[in-house]
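Have a look at upload_13.txt; it's compact mmCIF, C-alpha atoms:
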# COMPACT_ATOMS: atom_id res chain seq x y z
CA MET A 1 -231.31 -99.92 25.27
CA ILE A 2 -228.46 -99.54 22.75
CA THR A 3 -229.57 -99.00 19.16
CA LEU A 4 -227.50 -99.05 15.99
CA PRO A 5 -228.81 -96.36 13.62
CA GLY A 6 -228.58 -96.95 9.91
CA LEU A 7 -228.79 -100.74 10.13
CA SER A 8 -231.65 -102.95 9.11
CA ALA A 9 -233.45 -105.15 11.60
CA ALA A 10 -231.62 -108.24 10.30
CA ALA A 11 -228.25 -106.50 10.56
CA ARG A 12 -229.02 -105.38 14.12
CA ARG A 13 -229.97 -108.93 15.10
CA LEU A 14 -226.78 -110.27 13.50
CA THR A 15 -224.65 -107.64 15.24
CA GLY A 16 -226.36 -108.32 18.57
CA GLY A 17 -225.86 -112.06 18.14
CA LEU A 18 -222.16 -111.61 17.39
CA LEU A 19 -221.75 -109.36 20.42
CA VAL A 20 -223.49 -111.88 22.69
CA GLY A 21 -221.33 -114.66 21.22
CA LEU A 22 -218.13 -112.74 21.88
CA LEU A 23 -219.14 -111.93 25.45
CA THR A 24 -220.14 -115.56 26.04
CA ALA A 25 -216.79 -116.78 24.71
CA ALA A 26 -214.95 -114.30 26.94
CA PHE A 27 -216.82 -115.48 30.04
CA LEU A 28 -216.40 -119.18 29.20
CA ALA A 29 -212.68 -118.92 28.34
CA PRO A 30 -211.48 -119.37 31.97
CA PHE A 31 -213.60 -122.51 32.36
CA TYR A 32 -212.22 -123.92 29.12
CA LEU A 33 -208.63 -123.21 30.18
CA MET A 34 -209.23 -124.75 33.59
CA LEU A 35 -210.69 -127.96 32.14
CA ARG A 36 -208.02 -128.18 29.42
CA ASN A 37 -205.16 -127.76 31.88
CA SER A 38 -206.64 -130.28 34.32
CA LEU A 39 -206.42 -132.99 31.64
CA MET A 40 -202.77 -132.32 30.72
CA ASP A 41 -199.53 -133.48 32.28
CA SER A 42 -196.77 -131.22 33.57
CA GLN A 43 -194.81 -131.41 30.33
CA GLY A 44 -197.83 -130.36 28.27
CA LEU A 45 -198.63 -127.46 30.58
CA THR A 46 -195.10 -126.04 30.40
CA ALA A 47 -194.53 -126.77 26.69
CA PRO A 48 -193.75 -123.68 24.57
CA GLU A 49 -196.22 -124.58 21.82
CA TRP A 50 -199.95 -124.04 22.33
CA THR A 51 -202.44 -126.89 22.02
CA TRP A 52 -206.19 -126.33 22.09
CA TRP A 53 -206.87 -129.72 23.66
CA PRO A 54 -204.53 -132.44 25.01
CA SER A 55 -203.89 -135.30 22.61
CA THR A 56 -203.90 -137.68 25.58
CA MET A 57 -206.30 -136.82 28.38
CA HIS A 58 -204.87 -137.54 31.81
CA PHE A 59 -207.90 -138.39 33.93
CA GLU A 60 -205.49 -139.76 36.52
CA ASN A 61 -204.99 -136.16 37.65
CA PHE A 62 -208.39 -136.38 39.30
CA THR A 63 -207.75 -139.76 40.93
CA ALA A 64 -204.38 -138.53 42.20
CA LEU A 65 -206.14 -135.52 43.64
CA PHE A 66 -208.03 -137.68 46.12
CA SER A 67 -205.27 -140.24 46.71
CA ASP A 68 -202.55 -137.77 47.66
CA PRO A 69 -201.66 -138.53 51.31
CA ALA A 70 -200.28 -135.03 51.84
CA VAL A 71 -203.54 -133.28 50.91
CA ALA A 72 -206.87 -134.59 52.26
CA MET A 73 -208.99 -133.17 49.44
CA GLY A 74 -212.00 -135.38 50.18
CA PRO A 75 -212.37 -134.31 53.85
CA ALA A 76 -211.61 -130.71 52.85
CA LEU A 77 -214.48 -130.75 50.35
CA GLY A 78 -216.71 -132.18 53.08
CA ASN A 79 -215.68 -129.38 55.45
CA SER A 80 -216.43 -126.74 52.82
CA LEU A 81 -219.81 -128.29 52.12
CA LEU A 82 -220.69 -128.36 55.81
CA VAL A 83 -219.56 -124.77 56.39
CA ALA A 84 -221.48 -123.46 53.37
CA ALA A 85 -224.56 -125.60 54.04
CA VAL A 86 -224.82 -124.24 57.61
CA THR A 87 -223.81 -120.65 56.94
CA ALA A 88 -226.15 -120.05 53.98
CA PRO A 89 -229.54 -120.89 55.59
CA VAL A 90 -228.72 -119.68 59.11
CA SER A 91 -227.26 -116.33 58.03
CA THR A 92 -230.14 -115.77 55.61
CA LEU A 93 -232.80 -116.48 58.23
CA LEU A 94 -231.06 -114.25 60.78
CA ALA A 95 -230.85 -111.43 58.25
CA SER A 96 -234.51 -111.93 57.34
CA ALA A 97 -235.64 -111.72 60.95
CA ALA A 98 -233.50 -108.65 61.63
CA GLY A 99 -234.68 -106.96 58.45
CA TYR A 100 -238.31 -107.59 59.30
CA ALA A 101 -237.85 -106.18 62.81
CA LEU A 102 -236.17 -103.03 61.48
CA ALA A 103 -238.85 -102.54 58.83
CA ARG A 104 -242.04 -103.37 60.72
CA ILE A 105 -241.76 -103.49 64.49
CA PRO A 106 -242.10 -99.97 65.99
CA VAL A 107 -239.72 -100.19 68.94
CA PRO A 108 -237.72 -97.33 70.52
CA GLY A 109 -234.17 -97.07 69.17
CA ARG A 110 -234.94 -98.78 65.86
CA GLY A 111 -233.29 -95.95 63.94
CA ALA A 112 -230.14 -96.18 66.07
CA VAL A 113 -229.91 -99.92 65.46
CA LEU A 114 -230.30 -99.34 61.74
CA ALA A 115 -227.53 -96.75 61.86
CA LEU A 116 -225.24 -99.24 63.60
CA VAL A 117 -225.98 -101.86 60.96
CA VAL A 118 -225.10 -99.38 58.22
CA ALA A 119 -221.97 -98.34 60.10
CA THR A 120 -220.68 -101.90 60.17
CA LEU A 121 -220.64 -101.86 56.37
CA MET A 122 -218.18 -98.96 56.47
CA ILE A 123 -215.65 -100.78 58.66
CA PRO A 124 -212.99 -102.65 56.64
CA GLY A 125 -212.73 -106.35 57.36
CA SER A 126 -209.02 -105.97 58.11
CA VAL A 127 -209.90 -103.83 61.13
CA THR A 128 -212.07 -106.48 62.77
CA PHE A 129 -210.04 -109.51 61.65
CA VAL A 130 -207.62 -109.64 64.59
CA PRO A 131 -210.24 -108.89 67.31
CA THR A 132 -212.52 -111.56 65.83
CA PHE A 133 -209.66 -114.07 65.89
CA VAL A 134 -208.87 -113.20 69.52
CA VAL A 135 -212.51 -113.70 70.55
CA VAL A 136 -212.95 -116.97 68.63
CA GLY A 137 -209.56 -118.24 69.83
CA SER A 138 -210.35 -117.47 73.47
CA MET A 139 -213.53 -119.53 73.09
CA GLY A 140 -211.61 -122.52 71.74
CA GLY A 141 -212.66 -122.06 68.13
CA VAL A 142 -209.23 -122.60 66.54
CA ASN A 143 -209.07 -125.80 64.43
CA THR A 144 -212.84 -126.23 64.65
CA LEU A 145 -215.50 -125.86 62.00
CA TRP A 146 -217.74 -123.79 64.27
CA GLY A 147 -214.90 -121.28 64.57
CA ILE A 148 -215.06 -120.89 60.80
CA ILE A 149 -218.86 -120.78 60.65
CA VAL A 150 -219.97 -118.48 63.48
CA PRO A 151 -218.31 -115.19 62.37
CA GLY A 152 -219.94 -115.55 58.96
CA LEU A 153 -223.49 -115.90 60.28
CA PHE A 154 -224.11 -112.16 60.56
CA ASN A 155 -224.45 -110.27 57.27
CA PRO A 156 -225.42 -106.59 57.63
CA PHE A 157 -225.78 -106.13 53.88
CA ALA A 158 -228.37 -108.91 53.74
CA VAL A 159 -230.18 -107.26 56.67
CA LEU A 160 -230.52 -104.04 54.68
CA LEU A 161 -231.77 -105.92 51.62
CA PHE A 162 -234.43 -107.69 53.68
CA ARG A 163 -235.40 -104.43 55.36
CA ASN A 164 -235.96 -102.79 51.97
CA PHE A 165 -237.98 -105.80 50.87
CA TYR A 166 -240.23 -105.82 53.94
CA LEU A 167 -240.77 -102.05 53.71
CA GLN A 168 -242.55 -102.75 50.42
CA PHE A 169 -244.55 -105.63 51.87
CA PRO A 170 -248.34 -104.90 51.74
CA SER A 171 -249.59 -103.90 55.17
CA GLU A 172 -253.07 -105.17 54.31
CA ILE A 173 -251.84 -108.75 54.51
CA GLU A 174 -250.46 -108.11 57.99
CA ASP A 175 -253.73 -106.50 59.04
CA ALA A 176 -255.54 -109.67 58.04
CA GLY A 177 -253.10 -111.66 60.16
CA ARG A 178 -253.70 -109.43 63.17
CA LEU A 179 -257.43 -110.08 62.85
CA ASP A 180 -256.59 -113.77 63.21
CA GLY A 181 -254.78 -113.02 66.48
CA LEU A 182 -251.19 -113.16 65.23
CA GLY A 183 -248.46 -111.20 66.99
CA TRP A 184 -245.27 -109.92 65.47
CA LEU A 185 -243.58 -113.33 65.62
CA GLY A 186 -246.60 -114.99 64.05
CA LEU A 187 -246.84 -112.35 61.34
CA TYR A 188 -243.20 -112.86 60.49
CA GLY A 189 -243.22 -116.66 60.58
CA ARG A 190 -246.59 -117.26 58.93
CA VAL A 191 -247.05 -114.26 56.64
CA ALA A 192 -243.85 -112.36 55.83
CA LEU A 193 -241.31 -115.20 55.71
CA PRO A 194 -243.29 -117.46 53.32
CA SER A 195 -243.76 -114.48 51.01
CA SER A 196 -240.02 -113.77 50.72
CA GLY A 197 -239.01 -116.96 48.95
CA ALA A 198 -237.15 -115.22 46.12
CA MET A 199 -235.10 -113.12 48.55
CA LEU A 200 -234.32 -116.14 50.71
CA ALA A 201 -233.22 -118.19 47.71
CA SER A 202 -231.10 -115.46 46.14
CA LEU A 203 -229.30 -114.34 49.31
CA GLY A 204 -228.95 -117.96 50.44
CA ALA A 205 -227.26 -118.83 47.14
CA LEU A 206 -224.95 -115.82 47.37
CA SER A 207 -224.10 -116.71 50.96
CA PHE A 208 -223.32 -120.30 49.94
CA ILE A 209 -220.99 -119.09 47.19
CA GLU A 210 -219.25 -116.63 49.52
CA SER A 211 -218.78 -119.25 52.23
CA TRP A 212 -217.46 -121.80 49.77
CA ASN A 213 -214.91 -119.35 48.32
CA SER A 214 -213.75 -117.99 51.68
CA PHE A 215 -210.00 -118.38 52.09
CA LEU A 216 -208.30 -116.06 54.59
CA TRP A 217 -210.48 -116.72 57.65
CA PRO A 218 -210.50 -120.54 57.24
CA LEU A 219 -206.73 -120.38 56.65
CA VAL A 220 -206.15 -118.62 59.98
CA ILE A 221 -208.64 -120.67 62.03
CA GLY A 222 -208.11 -124.07 60.40
CA GLN A 223 -204.44 -124.51 61.24
CA ASP A 224 -204.74 -128.30 61.47
CA PRO A 225 -205.32 -130.25 58.22
CA SER A 226 -208.44 -131.83 59.75
CA ALA A 227 -210.10 -128.38 59.70
CA TRP A 228 -208.99 -127.41 56.21
CA THR A 229 -211.59 -126.33 53.67
CA ALA A 230 -211.33 -127.03 49.95
CA GLN A 231 -209.73 -123.65 49.20
CA ILE A 232 -206.99 -124.24 51.78
CA ALA A 233 -206.29 -127.74 50.48
CA LEU A 234 -206.16 -126.37 46.95
CA SER A 235 -203.55 -123.78 47.89
CA THR A 236 -201.12 -126.52 48.98
CA PHE A 237 -200.57 -127.51 45.34
CA LEU A 238 -198.78 -124.19 44.75
CA THR A 239 -196.08 -123.41 47.33
CA SER A 240 -192.58 -121.98 47.31
CA GLN A 241 -191.14 -125.51 47.43
CA THR A 242 -193.38 -127.45 45.02
CA ILE A 243 -195.63 -126.63 42.08
CA ASN A 244 -198.16 -129.28 41.07
CA LEU A 245 -199.94 -127.64 38.15
CA PRO A 246 -202.02 -130.67 37.02
CA GLY A 247 -203.22 -131.23 40.58
CA LEU A 248 -203.92 -127.52 41.00
CA PHE A 249 -206.11 -127.31 37.91
CA ALA A 250 -207.84 -130.63 38.66
CA GLY A 251 -208.62 -129.37 42.16
CA ALA A 252 -209.90 -126.08 40.72
CA VAL A 253 -212.32 -127.96 38.45
CA VAL A 254 -213.57 -130.07 41.35
CA THR A 255 -214.01 -127.15 43.74
CA ILE A 256 -215.75 -124.88 41.24
CA THR A 257 -218.27 -127.50 40.12
CA PRO A 258 -220.64 -127.05 43.13
CA LEU A 259 -220.63 -123.27 42.57
CA VAL A 260 -221.50 -123.64 38.88
CA VAL A 261 -224.37 -125.98 39.77
CA MET A 262 -225.55 -123.61 42.49
CA PHE A 263 -225.52 -120.64 40.14
CA LEU A 264 -227.32 -122.48 37.34
CA VAL A 265 -230.05 -123.55 39.75
CA ALA A 266 -230.43 -120.22 41.56
CA GLN A 267 -229.66 -117.63 38.87
CA ARG A 268 -233.33 -116.81 38.30
CA TYR A 269 -233.90 -116.33 42.03
CA ILE A 270 -230.77 -114.18 42.38
CA VAL A 271 -231.98 -111.75 39.73
CA GLU A 272 -235.54 -111.75 41.05
CA GLY A 273 -234.45 -111.30 44.65
CA ILE A 274 -232.23 -108.31 43.90
CA ALA A 275 -234.94 -106.78 41.71
CA THR A 276 -237.49 -106.96 44.52
CA SER A 277 -235.15 -105.74 47.26
CA GLY A 278 -235.65 -102.08 46.42
CA LEU A 279 -232.15 -101.54 45.08
CA LYS A 280 -233.12 -100.53 41.56
CA GLY A 281 -231.05 -98.53 39.14
Can you dump the structure from the file as structure tokens?
Amino acid sequence: MITLPGLSAAARRLTGGLLVGLLTAAFLAPFYLMLRNSLMDSQGLTAPEWTWWPSTMHFENFTALFSDPAVAMGPALGNSLLVAAVTAPVSTLLASAAGYALARIPVPGRGAVLALVVATLMIPGSVTFVPTFVVVGSMGGVNTLWGIIVPGLFNPFAVLLFRNFYLQFPSEIEDAGRLDGLGWLGLYGRVALPSSGAMLASLGALSFIESWNSFLWPLVIGQDPSAWTAQIALSTFLTSQTINLPGLFAGAVVTITPLVVMFLVAQRYIVEGIATSGLKG
């Protein structure tokens, strides 16, 4: 904890409040700029003089966003929502099951499997990008949503977090389950999994945010506009031929809104889940 010697308690509280206010303003500044720019026209955005808020708010930027025939923003948002809504729970449950197996089930070769999981974290994504595309393309995954979803279902980092969490899980609870005749699958499904709600919520929220913000892989797989996600549709407003700044900022506000809502709802679980994962400073 940082202390300020020589200051009274009131002065320390005032200084701390000012510091928190400055940090809050710095973090909120991008959101303010995004909202301000989305309500301006092209002339206002490129004007040399600065205005804190547009004198005339152009809400038609948002209606034009969804009525533009060249960019199917509505279907793209639906695709992003589907990809994130499938990837988040499935990848989290898979990581939970794998983490529990590595932490609790005494099978031969468990250490080697754990070493392989750790090794995958050391391989840059650029190394596996082309082989993954070749495999997904050979299976007919180009221009399909499942081609975007499947490679993101396996998260080795989440596996390690769940493993650390289950290593700290009280063995007495599992012993009580064994007395009731539960096997490993029953212990996981009826004892361990219900007790890991904070981890599931936090990693699920982080997975949702990562899936929603993904750009490069959906860009390569979703070559047809019908398979575009929101981030791909948003990028079409800024090309070498055309620059639609009002549409770009309006689309940014629309696409970031679900992430802000997700974070506000899950922020407590994110902090609690990381705190209970065993990765403590």
**Item:** Exercise: A:Ala227 partners within 7 Å, all atoms listed in the file, chain neighbours under 5 positions left out, as a PyMOL selection string
**Value:** chain A and resi 143-145+222
**Request:** Return the single residue from A:Ala101, A:Ala95, A:Ala112, A:Leu22 that is closest to A:Tyr188, with distances computed using only C-alpha atoms.
**Result:**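 Result for the nearest residue to A:Tyr188: A:Ala101.
Here the question is which of A:Gly152, A:Gly78, A:Gly183, A:Pro54 gets nearest to A:Trp228 using all atoms listed in the file, and that residue is A:Gly78.
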**Message:** Using all atoms listed in the file, can you tell me which of A:Phe129, A:Ala29, A:Thr56, A:Ala98 comes closest to A:Asp41?
**Reply:**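 Comparing A:Phe129, A:Ala29, A:Thr56, A:Ala98 against A:Asp41, the winner is A:Thr56.
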Per-residue nearest contacts stretch 153-216 of chain A to stretch 114-119 of chain A, cut-off 10 Å, using all atoms listed in the file, as JSON lines:
{"residue": "A:Asn155", "atom": "CA", "partner": "A:Val117", "partner_atom": "CA", "distance": 9.3}
{"residue": "A:Pro156", "atom": "CA", "partner": "A:Val117", "partner_atom": "CA", "distance": 5.8}
{"residue": "A:Phe157", "atom": "CA", "partner": "A:Val118", "partner_atom": "CA", "distance": 8.1}
{"residue": "A:Val159", "atom": "CA", "partner": "A:Val117", "partner_atom": "CA", "distance": 8.1}
{"residue": "A:Leu160", "atom": "CA", "partner": "A:Val118", "partner_atom": "CA", "distance": 8.0}
{"residue": "A:Arg163", "atom": "CA", "partner": "A:Leu114", "partner_atom": "CA", "distance": 9.6}
Missing atoms of stretch 42-66 of chain A rebuilt to N, CA, C and O atoms, written as a PDB file, keeping the file's coordinate frame:
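Output below, filename selection19.pdb:
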ATOM      1  N   SER A  42    -197.636-132.364  33.293  1.00  0.00           N
ATOM      2  CA  SER A  42    -196.770-131.220  33.570  1.00  0.00           C
ATOM      3  C   SER A  42    -195.995-130.784  32.340  1.00  0.00           C
ATOM      4  O   SER A  42    -195.801-129.579  32.100  1.00  0.00           O
ATOM      5  N   GLN A  43    -195.555-131.751  31.524  1.00  0.00           N
ATOM      6  CA  GLN A  43    -194.810-131.410  30.330  1.00  0.00           C
ATOM      7  C   GLN A  43    -195.677-130.641  29.328  1.00  0.00           C
ATOM      8  O   GLN A  43    -195.228-129.674  28.696  1.00  0.00           O
ATOM      9  N   GLY A  44    -196.938-131.053  29.187  1.00  0.00           N
ATOM     10  CA  GLY A  44    -197.830-130.360  28.270  1.00  0.00           C
ATOM     11  C   GLY A  44    -198.169-128.954  28.745  1.00  0.00           C
ATOM     12  O   GLY A  44    -198.304-128.031  27.929  1.00  0.00           O
ATOM     13  N   LEU A  45    -198.291-128.780  30.059  1.00  0.00           N
ATOM     14  CA  LEU A  45    -198.630-127.460  30.580  1.00  0.00           C
ATOM     15  C   LEU A  45    -197.492-126.463  30.423  1.00  0.00           C
ATOM     16  O   LEU A  45    -197.735-125.258  30.257  1.00  0.00           O
ATOM     17  N   THR A  46    -196.263-126.940  30.493  1.00  0.00           N
ATOM     18  CA  THR A  46    -195.100-126.040  30.400  1.00  0.00           C
ATOM     19  C   THR A  46    -194.475-126.027  29.019  1.00  0.00           C
ATOM     20  O   THR A  46    -193.442-125.382  28.826  1.00  0.00           O
ATOM     21  N   ALA A  47    -195.083-126.736  28.046  1.00  0.00           N
ATOM     22  CA  ALA A  47    -194.530-126.770  26.690  1.00  0.00           C
ATOM     23  C   ALA A  47    -194.651-125.404  26.032  1.00  0.00           C
ATOM     24  O   ALA A  47    -195.633-124.681  26.252  1.00  0.00           O
ATOM     25  N   PRO A  48    -193.691-125.007  25.190  1.00  0.00           N
ATOM     26  CA  PRO A  48    -193.750-123.680  24.570  1.00  0.00           C
ATOM     27  C   PRO A  48    -194.842-123.552  23.506  1.00  0.00           C
ATOM     28  O   PRO A  48    -195.350-122.458  23.274  1.00  0.00           O
ATOM     29  N   GLU A  49    -195.203-124.662  22.848  1.00  0.00           N
ATOM     30  CA  GLU A  49    -196.220-124.580  21.820  1.00  0.00           C
ATOM     31  C   GLU A  49    -197.601-124.726  22.438  1.00  0.00           C
ATOM     32  O   GLU A  49    -197.804-125.448  23.416  1.00  0.00           O
ATOM     33  N   TRP A  50    -198.574-124.044  21.827  1.00  0.00           N
ATOM     34  CA  TRP A  50    -199.950-124.040  22.330  1.00  0.00           C
ATOM     35  C   TRP A  50    -200.752-125.177  21.701  1.00  0.00           C
ATOM     36  O   TRP A  50    -200.657-125.423  20.499  1.00  0.00           O
ATOM     37  N   THR A  51    -201.519-125.861  22.510  1.00  0.00           N
ATOM     38  CA  THR A  51    -202.440-126.890  22.020  1.00  0.00           C
ATOM     39  C   THR A  51    -203.825-126.576  22.566  1.00  0.00           C
ATOM     40  O   THR A  51    -203.986-126.266  23.750  1.00  0.00           O
ATOM     41  N   TRP A  52    -204.827-126.646  21.674  1.00  0.00           N
ATOM     42  CA  TRP A  52    -206.190-126.330  22.090  1.00  0.00           C
ATOM     43  C   TRP A  52    -206.777-127.393  22.991  1.00  0.00           C
ATOM     44  O   TRP A  52    -207.621-127.102  23.842  1.00  0.00           O
ATOM     45  N   TRP A  53    -206.358-128.624  22.828  1.00  0.00           N
ATOM     46  CA  TRP A  53    -206.870-129.720  23.660  1.00  0.00           C
ATOM     47  C   TRP A  53    -205.801-130.796  23.742  1.00  0.00           C
ATOM     48  O   TRP A  53    -205.111-131.060  22.749  1.00  0.00           O
ATOM     49  N   PRO A  54    -205.595-131.423  24.892  1.00  0.00           N
ATOM     50  CA  PRO A  54    -204.530-132.440  25.010  1.00  0.00           C
ATOM     51  C   PRO A  54    -204.802-133.651  24.115  1.00  0.00           C
ATOM     52  O   PRO A  54    -205.934-134.125  24.011  1.00  0.00           O
ATOM     53  N   SER A  55    -203.754-134.116  23.454  1.00  0.00           N
ATOM     54  CA  SER A  55    -203.890-135.300  22.610  1.00  0.00           C
ATOM     55  C   SER A  55    -204.177-136.543  23.442  1.00  0.00           C
ATOM     56  O   SER A  55    -204.890-137.446  23.006  1.00  0.00           O
ATOM     57  N   THR A  56    -203.627-136.589  24.634  1.00  0.00           N
ATOM     58  CA  THR A  56    -203.900-137.680  25.580  1.00  0.00           C
ATOM     59  C   THR A  56    -204.454-137.062  26.862  1.00  0.00           C
ATOM     60  O   THR A  56    -203.764-136.273  27.520  1.00  0.00           O
ATOM     61  N   MET A  57    -205.680-137.398  27.197  1.00  0.00           N
ATOM     62  CA  MET A  57    -206.300-136.820  28.380  1.00  0.00           C
ATOM     63  C   MET A  57    -205.915-137.609  29.621  1.00  0.00           C
ATOM     64  O   MET A  57    -206.090-138.825  29.673  1.00  0.00           O
ATOM     65  N   HIS A  58    -205.390-136.910  30.593  1.00  0.00           N
ATOM     66  CA  HIS A  58    -204.870-137.540  31.810  1.00  0.00           C
ATOM     67  C   HIS A  58    -205.931-137.438  32.922  1.00  0.00           C
ATOM     68  O   HIS A  58    -205.871-136.556  33.792  1.00  0.00           O
ATOM     69  N   PHE A  59    -206.876-138.380  32.882  1.00  0.00           N
ATOM     70  CA  PHE A  59    -207.900-138.390  33.930  1.00  0.00           C
ATOM     71  C   PHE A  59    -207.322-138.814  35.281  1.00  0.00           C
ATOM     72  O   PHE A  59    -207.968-138.632  36.313  1.00  0.00           O
ATOM     73  N   GLU A  60    -206.106-139.358  35.248  1.00  0.00           N
ATOM     74  CA  GLU A  60    -205.490-139.760  36.520  1.00  0.00           C
ATOM     75  C   GLU A  60    -205.174-138.560  37.394  1.00  0.00           C
ATOM     76  O   GLU A  60    -204.907-138.720  38.597  1.00  0.00           O
ATOM     77  N   ASN A  61    -205.187-137.353  36.812  1.00  0.00           N
ATOM     78  CA  ASN A  61    -204.990-136.160  37.650  1.00  0.00           C
ATOM     79  C   ASN A  61    -206.077-136.043  38.702  1.00  0.00           C
ATOM     80  O   ASN A  61    -205.823-135.591  39.824  1.00  0.00           O
ATOM     81  N   PHE A  62    -207.290-136.464  38.355  1.00  0.00           N
ATOM     82  CA  PHE A  62    -208.390-136.380  39.300  1.00  0.00           C
ATOM     83  C   PHE A  62    -208.321-137.483  40.350  1.00  0.00           C
ATOM     84  O   PHE A  62    -208.653-137.255  41.517  1.00  0.00           O
ATOM     85  N   THR A  63    -207.896-138.681  39.938  1.00  0.00           N
ATOM     86  CA  THR A  63    -207.750-139.760  40.930  1.00  0.00           C
ATOM     87  C   THR A  63    -206.590-139.468  41.874  1.00  0.00           C
ATOM     88  O   THR A  63    -206.680-139.733  43.073  1.00  0.00           O
ATOM     89  N   ALA A  64    -205.508-138.884  41.330  1.00  0.00           N
ATOM     90  CA  ALA A  64    -204.380-138.530  42.200  1.00  0.00           C
ATOM     91  C   ALA A  64    -204.748-137.424  43.164  1.00  0.00           C
ATOM     92  O   ALA A  64    -204.183-137.326  44.255  1.00  0.00           O
ATOM     93  N   LEU A  65    -205.705-136.608  42.772  1.00  0.00           N
ATOM     94  CA  LEU A  65    -206.140-135.520  43.640  1.00  0.00           C
ATOM     95  C   LEU A  65    -206.688-136.040  44.964  1.00  0.00           C
ATOM     96  O   LEU A  65    -206.453-135.441  46.028  1.00  0.00           O
ATOM     97  N   PHE A  66    -207.408-137.142  44.914  1.00  0.00           N
ATOM     98  CA  PHE A  66    -208.030-137.680  46.120  1.00  0.00           C
ATOM     99  C   PHE A  66    -207.189-138.780  46.781  1.00  0.00           C
ATOM    100  O   PHE A  66    -207.534-139.234  47.867  1.00  0.00           O
TER     101      PHE A  66
END
